[in-house]
$ cat model_24.cif   # mmCIF, C-alpha atoms
data_structure
#
loop_
_atom_site.label_atom_id
_atom_site.label_comp_id
_atom_site.auth_asym_id
_atom_site.auth_seq_id
_atom_site.Cartn_x
_atom_site.Cartn_y
_atom_site.Cartn_z
CA VAL A 142 56.33 -59.88 14.48
CA GLN A 143 56.85 -62.54 17.15
CA GLY A 144 59.19 -64.43 14.85
CA ALA A 145 61.33 -61.36 14.27
CA HIS A 146 61.37 -60.69 18.01
CA ASP A 147 62.55 -64.24 18.70
CA GLU A 148 65.35 -63.84 16.16
CA VAL A 149 66.54 -60.66 17.86
CA VAL A 150 66.45 -62.37 21.25
CA ALA A 151 68.46 -65.31 19.94
CA LEU A 152 71.02 -62.99 18.36
CA ALA A 153 71.38 -60.95 21.55
CA GLU A 154 71.94 -64.08 23.59
CA LYS A 155 74.43 -65.45 21.04
CA ILE A 156 76.67 -62.40 21.09
CA ASN A 157 76.23 -62.05 24.85
CA ALA A 158 74.92 -58.50 24.64
CA PRO A 159 78.30 -56.74 24.21
CA ILE A 160 76.78 -53.25 24.56
CA GLY A 161 75.04 -54.11 27.80
CA HIS A 162 71.59 -54.87 26.44
CA SER A 163 69.52 -58.00 26.87
CA LEU A 164 66.14 -59.07 25.59
CA ARG A 165 64.27 -61.57 27.69
CA GLY A 166 60.73 -62.13 26.66
CA LYS A 167 59.34 -58.62 26.25
CA ASP A 168 61.75 -56.96 28.66
CA PHE A 169 64.54 -54.69 27.49
CA ILE A 170 67.25 -54.03 30.07
CA GLN A 171 69.93 -51.42 29.52
CA TYR A 172 72.72 -50.55 31.93
CA GLY A 173 75.00 -48.37 29.78
CA ASN A 174 78.77 -48.62 29.51
CA PRO A 175 79.86 -51.81 31.31
CA TYR A 176 83.16 -50.20 32.33
CA ASP A 177 81.30 -47.36 34.08
CA ILE A 178 79.44 -49.77 36.31
CA GLY A 179 82.32 -52.23 36.49
CA MET A 180 84.75 -49.72 37.98
CA THR A 181 82.56 -47.35 39.99
CA GLY A 182 79.15 -48.72 40.89
CA LEU A 183 79.97 -52.42 40.97
CA LEU A 184 83.20 -52.21 42.94
CA GLY A 185 82.33 -49.42 45.35
CA TYR A 186 85.35 -47.11 45.47
CA GLY A 187 83.81 -45.37 48.47
CA ALA A 188 83.82 -48.55 50.59
CA ALA A 189 80.02 -48.47 50.44
CA ALA A 190 78.01 -51.55 49.59
CA GLU A 191 74.68 -49.79 49.10
CA GLY A 192 74.80 -49.88 45.33
CA VAL A 193 77.05 -52.81 44.48
CA LEU A 194 74.41 -55.50 44.59
CA HIS A 195 72.01 -53.35 42.55
CA TYR A 196 74.57 -52.77 39.81
CA LEU A 197 75.64 -56.38 39.87
CA ALA A 198 71.99 -57.36 39.40
CA ARG A 199 71.66 -54.95 36.48
CA MET A 200 74.71 -56.40 34.77
CA LEU A 201 73.54 -59.97 35.27
CA GLU A 202 69.99 -59.27 34.13
CA ALA A 203 71.34 -57.45 31.07
CA GLY A 204 73.19 -60.63 30.13
CA GLU A 205 76.73 -59.42 30.83
CA ASP A 206 79.36 -62.14 30.58
CA THR A 207 80.14 -63.38 34.10
CA ARG A 208 83.79 -63.73 33.06
CA PHE A 209 83.93 -59.99 32.40
CA ILE A 210 82.40 -59.28 35.81
CA SER A 211 84.86 -61.65 37.49
CA ARG A 212 87.81 -59.97 35.80
CA ARG A 213 86.71 -56.52 36.96
CA ILE A 214 86.36 -57.78 40.54
CA MET A 215 89.85 -59.32 40.52
CA ILE A 216 91.39 -56.17 39.07
CA SER A 217 89.75 -53.94 41.66
CA ALA A 218 90.71 -56.27 44.50
CA ALA A 219 94.37 -55.79 43.54
CA GLU A 220 94.26 -52.18 42.35
CA ASP A 221 91.88 -50.56 44.83
CA VAL A 222 92.01 -52.79 47.92
CA GLY A 223 95.53 -54.13 47.58
CA MET A 224 97.51 -54.83 50.71
CA ALA A 225 94.94 -53.10 52.90
CA ASP A 226 93.09 -56.42 52.71
CA PRO A 227 95.02 -59.07 50.75
CA THR A 228 92.19 -61.57 51.28
CA ALA A 229 90.00 -59.56 48.88
CA LEU A 230 92.05 -60.81 45.93
CA GLN A 231 91.82 -64.36 47.24
CA THR A 232 88.05 -64.03 47.40
CA ALA A 233 87.91 -62.52 43.90
CA VAL A 234 90.06 -65.27 42.36
CA ALA A 235 88.10 -67.98 44.14
CA ALA A 236 84.88 -66.40 42.94
CA ALA A 237 86.09 -66.32 39.32
CA GLN A 238 87.04 -69.99 39.51
CA ALA A 239 83.76 -70.95 41.15
CA VAL A 240 81.72 -69.00 38.61
CA ALA A 241 83.52 -70.82 35.78
CA LEU A 242 82.71 -74.16 37.38
CA ILE A 243 79.12 -73.45 38.40
CA GLY A 244 77.68 -70.98 35.90
CA MET A 245 74.43 -69.11 36.15
CA PRO A 246 72.06 -68.76 37.90
CA GLU A 247 73.94 -69.84 41.04
CA ALA A 248 77.00 -67.81 40.01
CA ARG A 249 75.09 -64.70 41.09
CA ILE A 250 75.52 -65.75 44.73
CA ILE A 251 79.28 -66.13 44.41
CA LEU A 252 79.66 -62.83 42.56
CA ALA A 253 77.56 -61.11 45.21
CA GLU A 254 79.90 -62.28 47.96
CA ALA A 255 82.93 -61.12 46.00
CA VAL A 256 81.64 -57.63 45.19
CA VAL A 257 80.51 -57.04 48.76
CA HIS A 258 83.94 -58.09 50.04
CA VAL A 259 85.75 -55.74 47.67
CA ALA A 260 83.31 -52.88 48.27
CA THR A 261 83.49 -53.02 52.07
CA ALA A 262 87.21 -53.77 52.41
CA PRO A 263 89.68 -51.06 53.44
CA LYS A 264 91.27 -49.48 50.41
CA SER A 265 94.87 -48.95 49.25
CA ASN A 266 96.32 -48.35 45.80
CA ALA A 267 99.92 -48.26 47.08
CA ALA A 268 101.01 -51.39 45.20
CA TYR A 269 99.34 -50.10 42.03
CA LEU A 270 101.14 -46.78 42.29
CA GLY A 271 104.39 -48.57 43.12
CA ILE A 272 104.48 -50.76 40.02
CA ASN A 273 103.52 -47.82 37.82
CA ALA A 274 106.42 -45.77 39.22
CA ALA A 275 108.84 -48.67 38.76
CA ILE A 276 107.71 -49.20 35.16
CA ALA A 277 108.14 -45.47 34.50
CA ASP A 278 111.76 -45.68 35.72
CA VAL A 279 112.47 -48.73 33.55
CA ARG A 280 111.03 -47.02 30.49
CA ALA A 281 113.12 -43.95 31.29
CA GLY A 282 116.27 -46.09 31.27
CA ARG A 283 116.90 -45.92 34.99
CA GLY A 284 118.39 -48.88 36.79
CA THR A 285 122.02 -49.82 36.35
CA SER A 286 123.52 -53.27 36.88
CA VAL A 287 122.36 -55.63 39.60
CA PRO A 288 124.59 -55.22 42.71
CA LEU A 289 127.45 -57.75 42.69
CA PRO A 290 126.47 -59.49 45.96
CA LEU A 291 123.09 -60.38 44.45
CA ARG A 292 124.42 -61.87 41.24
CA ASP A 293 124.51 -65.60 40.58
CA ALA A 294 127.74 -67.12 41.82
CA HIS A 295 127.01 -70.75 40.95
CA TYR A 296 128.88 -71.00 37.66
CA ALA A 297 132.56 -71.22 36.81
CA GLY A 298 134.29 -67.88 36.84
CA ALA A 299 131.52 -66.07 38.74
CA SER A 300 133.57 -65.63 41.90
CA GLY A 301 136.37 -64.11 39.86
CA LEU A 302 133.95 -61.46 38.70
CA GLY A 303 132.96 -60.69 42.28
CA HIS A 304 129.52 -62.21 41.92
CA GLY A 305 127.97 -63.14 45.25
CA LYS A 306 130.80 -61.60 47.28
CA GLY A 307 129.45 -60.03 50.45
CA TYR A 308 125.99 -61.53 50.02
CA ILE A 309 124.05 -61.73 53.30
CA TYR A 310 121.75 -64.73 53.70
CA SER A 311 118.46 -63.42 55.08
CA HIS A 312 117.75 -66.39 57.33
CA ASP A 313 121.00 -65.80 59.20
CA GLU A 314 119.82 -62.34 60.21
CA PRO A 315 117.40 -61.20 62.94
CA HIS A 316 113.79 -61.72 61.86
CA SER A 317 115.20 -63.24 58.63
CA ILE A 318 115.62 -59.80 57.10
CA ALA A 319 119.00 -58.90 55.64
CA THR A 320 120.03 -55.26 55.45
CA GLN A 321 121.92 -54.94 52.20
CA GLN A 322 121.66 -53.11 48.89
CA TYR A 323 119.06 -54.61 46.61
CA ALA A 324 118.37 -51.78 44.17
CA PRO A 325 120.74 -50.74 41.37
CA ASP A 326 123.17 -47.98 42.34
CA ASP A 327 121.22 -45.19 40.67
CA LEU A 328 117.99 -46.19 42.41
CA VAL A 329 119.30 -46.48 45.96
CA GLY A 330 116.89 -44.60 48.21
CA THR A 331 113.98 -44.84 45.77
CA ASN A 332 110.77 -45.93 47.45
CA TYR A 333 108.21 -47.45 45.14
CA TYR A 334 105.93 -48.91 47.76
CA ASN A 335 104.58 -46.49 50.33
CA PRO A 336 102.01 -48.23 52.54
CA THR A 337 98.92 -46.37 53.66
CA GLY A 338 97.55 -46.47 57.17
CA ASN A 339 94.51 -48.44 56.06
CA GLY A 340 93.65 -51.96 57.10
CA ALA A 341 96.44 -54.51 57.08
CA GLU A 342 98.89 -51.95 55.66
CA ARG A 343 99.05 -50.30 59.08
CA ASP A 344 101.29 -53.15 60.19
CA LEU A 345 103.64 -53.16 57.18
#
$ encode --input "model_24.cif" --output "structure tokens"
Amino acid sequence: VQGAHDEVVALAEKINAPIGHSLRGKDFIQYGNPYDIGMTGLLGYGAAAEGVLHYLARMLEAGEDTRFISRRIMISAAEDVGMADPTALQTAVAAAQAVALIGMPEARIILAEAVVHVATAPKSNAAYLGINAAIADVRAGRGTSVPLPLRDAHYAGASGLGHGKGYIYSHDEPHSIATQQYAPDDLVGTNYYNPTGNGAERDL
């Protein structure tokens, strides 16, 4: 019986417990669907850190791949925190790199810092919604030609086509921001990015 048990343990460790199970000695740890914990419990949509360390511990003790955990943290830092706290993504990326270099068991400390940062950070999905809306327009065939002033004028014949004519160099303008048309004609007035009033986005 012990020999069969050892074989099961070795197999579970080899395949890295893809269904969220791990056998260590006589313990059997189950945490369910990794995406359920990865997106709700682990990353704390409600800006609450009460459960994130518990769910992180469950994933680690169940033998979940630390690369999977790192990926979920990076995704949430961009999707759910976004520009409300841009440093969350920096923390998440740094954590993923550090985990790859260090490995377990010390990687648990780095992952803990990252999940707490993401969980407690102010939240915004404005950039996420913005890129989805822009992709929807592209797939729908919206977006005509690039405005002539923005087109490359550094090749022979470009000026004759009107490329670059009327272009305003941003650094010659107040605050280095040029007021000119950037979007295609049929998308003028379309706002893809609508900042929230949360965190750093209040100042955008």
$ resolve_selection --input "model_24.cif" --expression "the PyMOL selection byres ((chain A and resi 226) around 7)" --output "list in words"
Val222, Gly223, Met224, Ala225, Pro227, Thr228, Ala229, Ala262, Pro263, Gly340 and Ala341 of chain A
$ resolve_selection --input "model_24.cif" --expression "the PyMOL selection byres ((chain A and resi 283) around 12)" --output "ChimeraX atom specification"
/A:274-282,284-286,324-329,331
$ atom_distance --input "model_24.cif" --atom1 "CA of Ala260 (chain A)" --atom2 "CA of Ala190 (chain A)"
5.6 Å
$ resolve_selection --input "model_24.cif" --expression "the PyMOL selection byres ((chain A and resi 289-303) around 10)" --output "list in words"
Ser286, Val287, Pro288, His304, Gly305, Lys306, Gly307, Tyr308, Ile309, Gln321, Gln322, Tyr323, Ala324 and Pro325 of chain A
$ residues_around --input "model_24.cif" --residues "Thr232 (chain A)" --least-positions-apart "3" --cutoff "10 Å" --atoms "only C-alpha atoms" --output "tab-separated table (two decimals) with C-alpha atoms, in the coordinates of the input"
chain	number	residue	atom	x	y	z
A	214	ILE	CA	86.36	-57.78	40.54
A	215	MET	CA	89.85	-59.32	40.52
A	218	ALA	CA	90.71	-56.27	44.50
A	227	PRO	CA	95.02	-59.07	50.75
A	228	THR	CA	92.19	-61.57	51.28
A	229	ALA	CA	90.00	-59.56	48.88
A	235	ALA	CA	88.10	-67.98	44.14
A	236	ALA	CA	84.88	-66.40	42.94
A	237	ALA	CA	86.09	-66.32	39.32
A	238	GLN	CA	87.04	-69.99	39.51
A	251	ILE	CA	79.28	-66.13	44.41
A	252	LEU	CA	79.66	-62.83	42.56
A	254	GLU	CA	79.90	-62.28	47.96
A	255	ALA	CA	82.93	-61.12	46.00
A	256	VAL	CA	81.64	-57.63	45.19
A	258	HIS	CA	83.94	-58.09	50.04
A	259	VAL	CA	85.75	-55.74	47.67
$ atom_distance --input "model_24.cif" --atom1 "CA of Arg249 (chain A)" --atom2 "CA of Glu202 (chain A)"
10.2 Å
$ atom_distance --input "model_24.cif" --atom1 "CA of Phe209 (chain A)" --atom2 "CA of Lys264 (chain A)"
22.1 Å
$ decode --input "model_24.cif" --residues "region 270-296 of chain A" --atoms "N, CA and C atoms" --output "tab-separated table (two decimals), in the first residue's frame"
chain	number	residue	atom	x	y	z
A	270	LEU	N	-11.28	48.14	-20.47
A	270	LEU	CA	-12.48	48.43	-21.26
A	270	LEU	C	-12.12	49.19	-22.53
A	271	GLY	N	-11.12	50.07	-22.44
A	271	GLY	CA	-10.72	50.85	-23.60
A	271	GLY	C	-10.17	50.01	-24.73
A	272	ILE	N	-9.28	49.07	-24.43
A	272	ILE	CA	-8.71	48.25	-25.49
A	272	ILE	C	-9.76	47.31	-26.07
A	273	ASN	N	-10.69	46.85	-25.25
A	273	ASN	CA	-11.76	45.99	-25.76
A	273	ASN	C	-12.65	46.76	-26.73
A	274	ALA	N	-12.95	48.02	-26.41
A	274	ALA	CA	-13.78	48.84	-27.29
A	274	ALA	C	-13.05	49.13	-28.60
A	275	ALA	N	-11.75	49.41	-28.51
A	275	ALA	CA	-10.97	49.69	-29.71
A	275	ALA	C	-10.88	48.45	-30.61
A	276	ILE	N	-10.68	47.30	-30.02
A	276	ILE	CA	-10.63	46.06	-30.79
A	276	ILE	C	-11.97	45.79	-31.47
A	277	ALA	N	-13.06	46.07	-30.75
A	277	ALA	CA	-14.39	45.88	-31.32
A	277	ALA	C	-14.58	46.75	-32.56
A	278	ASP	N	-14.09	48.00	-32.50
A	278	ASP	CA	-14.19	48.89	-33.66
A	278	ASP	C	-13.36	48.38	-34.83
A	279	VAL	N	-12.15	47.90	-34.54
A	279	VAL	CA	-11.29	47.37	-35.61
A	279	VAL	C	-11.95	46.17	-36.27
A	280	ARG	N	-12.50	45.28	-35.47
A	280	ARG	CA	-13.14	44.09	-36.01
A	280	ARG	C	-14.40	44.45	-36.81
A	281	ALA	N	-15.02	45.58	-36.45
A	281	ALA	CA	-16.21	46.02	-37.16
A	281	ALA	C	-15.87	46.80	-38.43
A	282	GLY	N	-14.57	46.98	-38.69
A	282	GLY	CA	-14.15	47.67	-39.90
A	282	GLY	C	-14.09	49.18	-39.77
A	283	ARG	N	-14.20	49.69	-38.55
A	283	ARG	CA	-14.12	51.13	-38.36
A	283	ARG	C	-12.66	51.56	-38.35
A	284	GLY	N	-12.44	52.82	-38.71
A	284	GLY	CA	-11.09	53.34	-38.75
A	284	GLY	C	-10.60	53.49	-40.17
A	285	THR	N	-10.71	54.70	-40.70
A	285	THR	CA	-10.26	54.96	-42.07
A	285	THR	C	-8.75	55.20	-42.07
A	286	SER	N	-8.26	55.89	-43.07
A	286	SER	CA	-6.82	56.10	-43.20
A	286	SER	C	-6.26	56.98	-42.08
A	287	VAL	N	-4.97	56.81	-41.82
A	287	VAL	CA	-4.27	57.64	-40.85
A	287	VAL	C	-4.27	59.08	-41.37
A	288	PRO	N	-4.57	60.07	-40.51
A	288	PRO	CA	-4.56	61.47	-40.96
A	288	PRO	C	-3.24	61.84	-41.63
A	289	LEU	N	-3.29	62.61	-42.71
A	289	LEU	CA	-2.10	62.95	-43.48
A	289	LEU	C	-0.97	63.57	-42.65
A	290	PRO	N	-1.25	64.48	-41.72
A	290	PRO	CA	-0.15	65.07	-40.95
A	290	PRO	C	0.65	64.05	-40.15
A	291	LEU	N	0.04	62.91	-39.83
A	291	LEU	CA	0.72	61.91	-39.01
A	291	LEU	C	1.50	60.89	-39.84
A	292	ARG	N	1.36	60.93	-41.14
A	292	ARG	CA	2.00	59.92	-41.97
A	292	ARG	C	3.49	60.22	-42.19
A	293	ASP	N	4.23	59.17	-42.42
A	293	ASP	CA	5.68	59.29	-42.60
A	293	ASP	C	6.00	60.15	-43.82
A	294	ALA	N	6.82	61.16	-43.59
A	294	ALA	CA	7.20	62.06	-44.68
A	294	ALA	C	8.68	61.99	-44.98
A	295	HIS	N	9.34	60.90	-44.61
A	295	HIS	CA	10.79	60.80	-44.74
A	295	HIS	C	11.24	59.99	-45.95
A	296	TYR	N	10.39	59.81	-46.92
A	296	TYR	CA	10.80	59.09	-48.12
A	296	TYR	C	10.43	59.91	-49.35
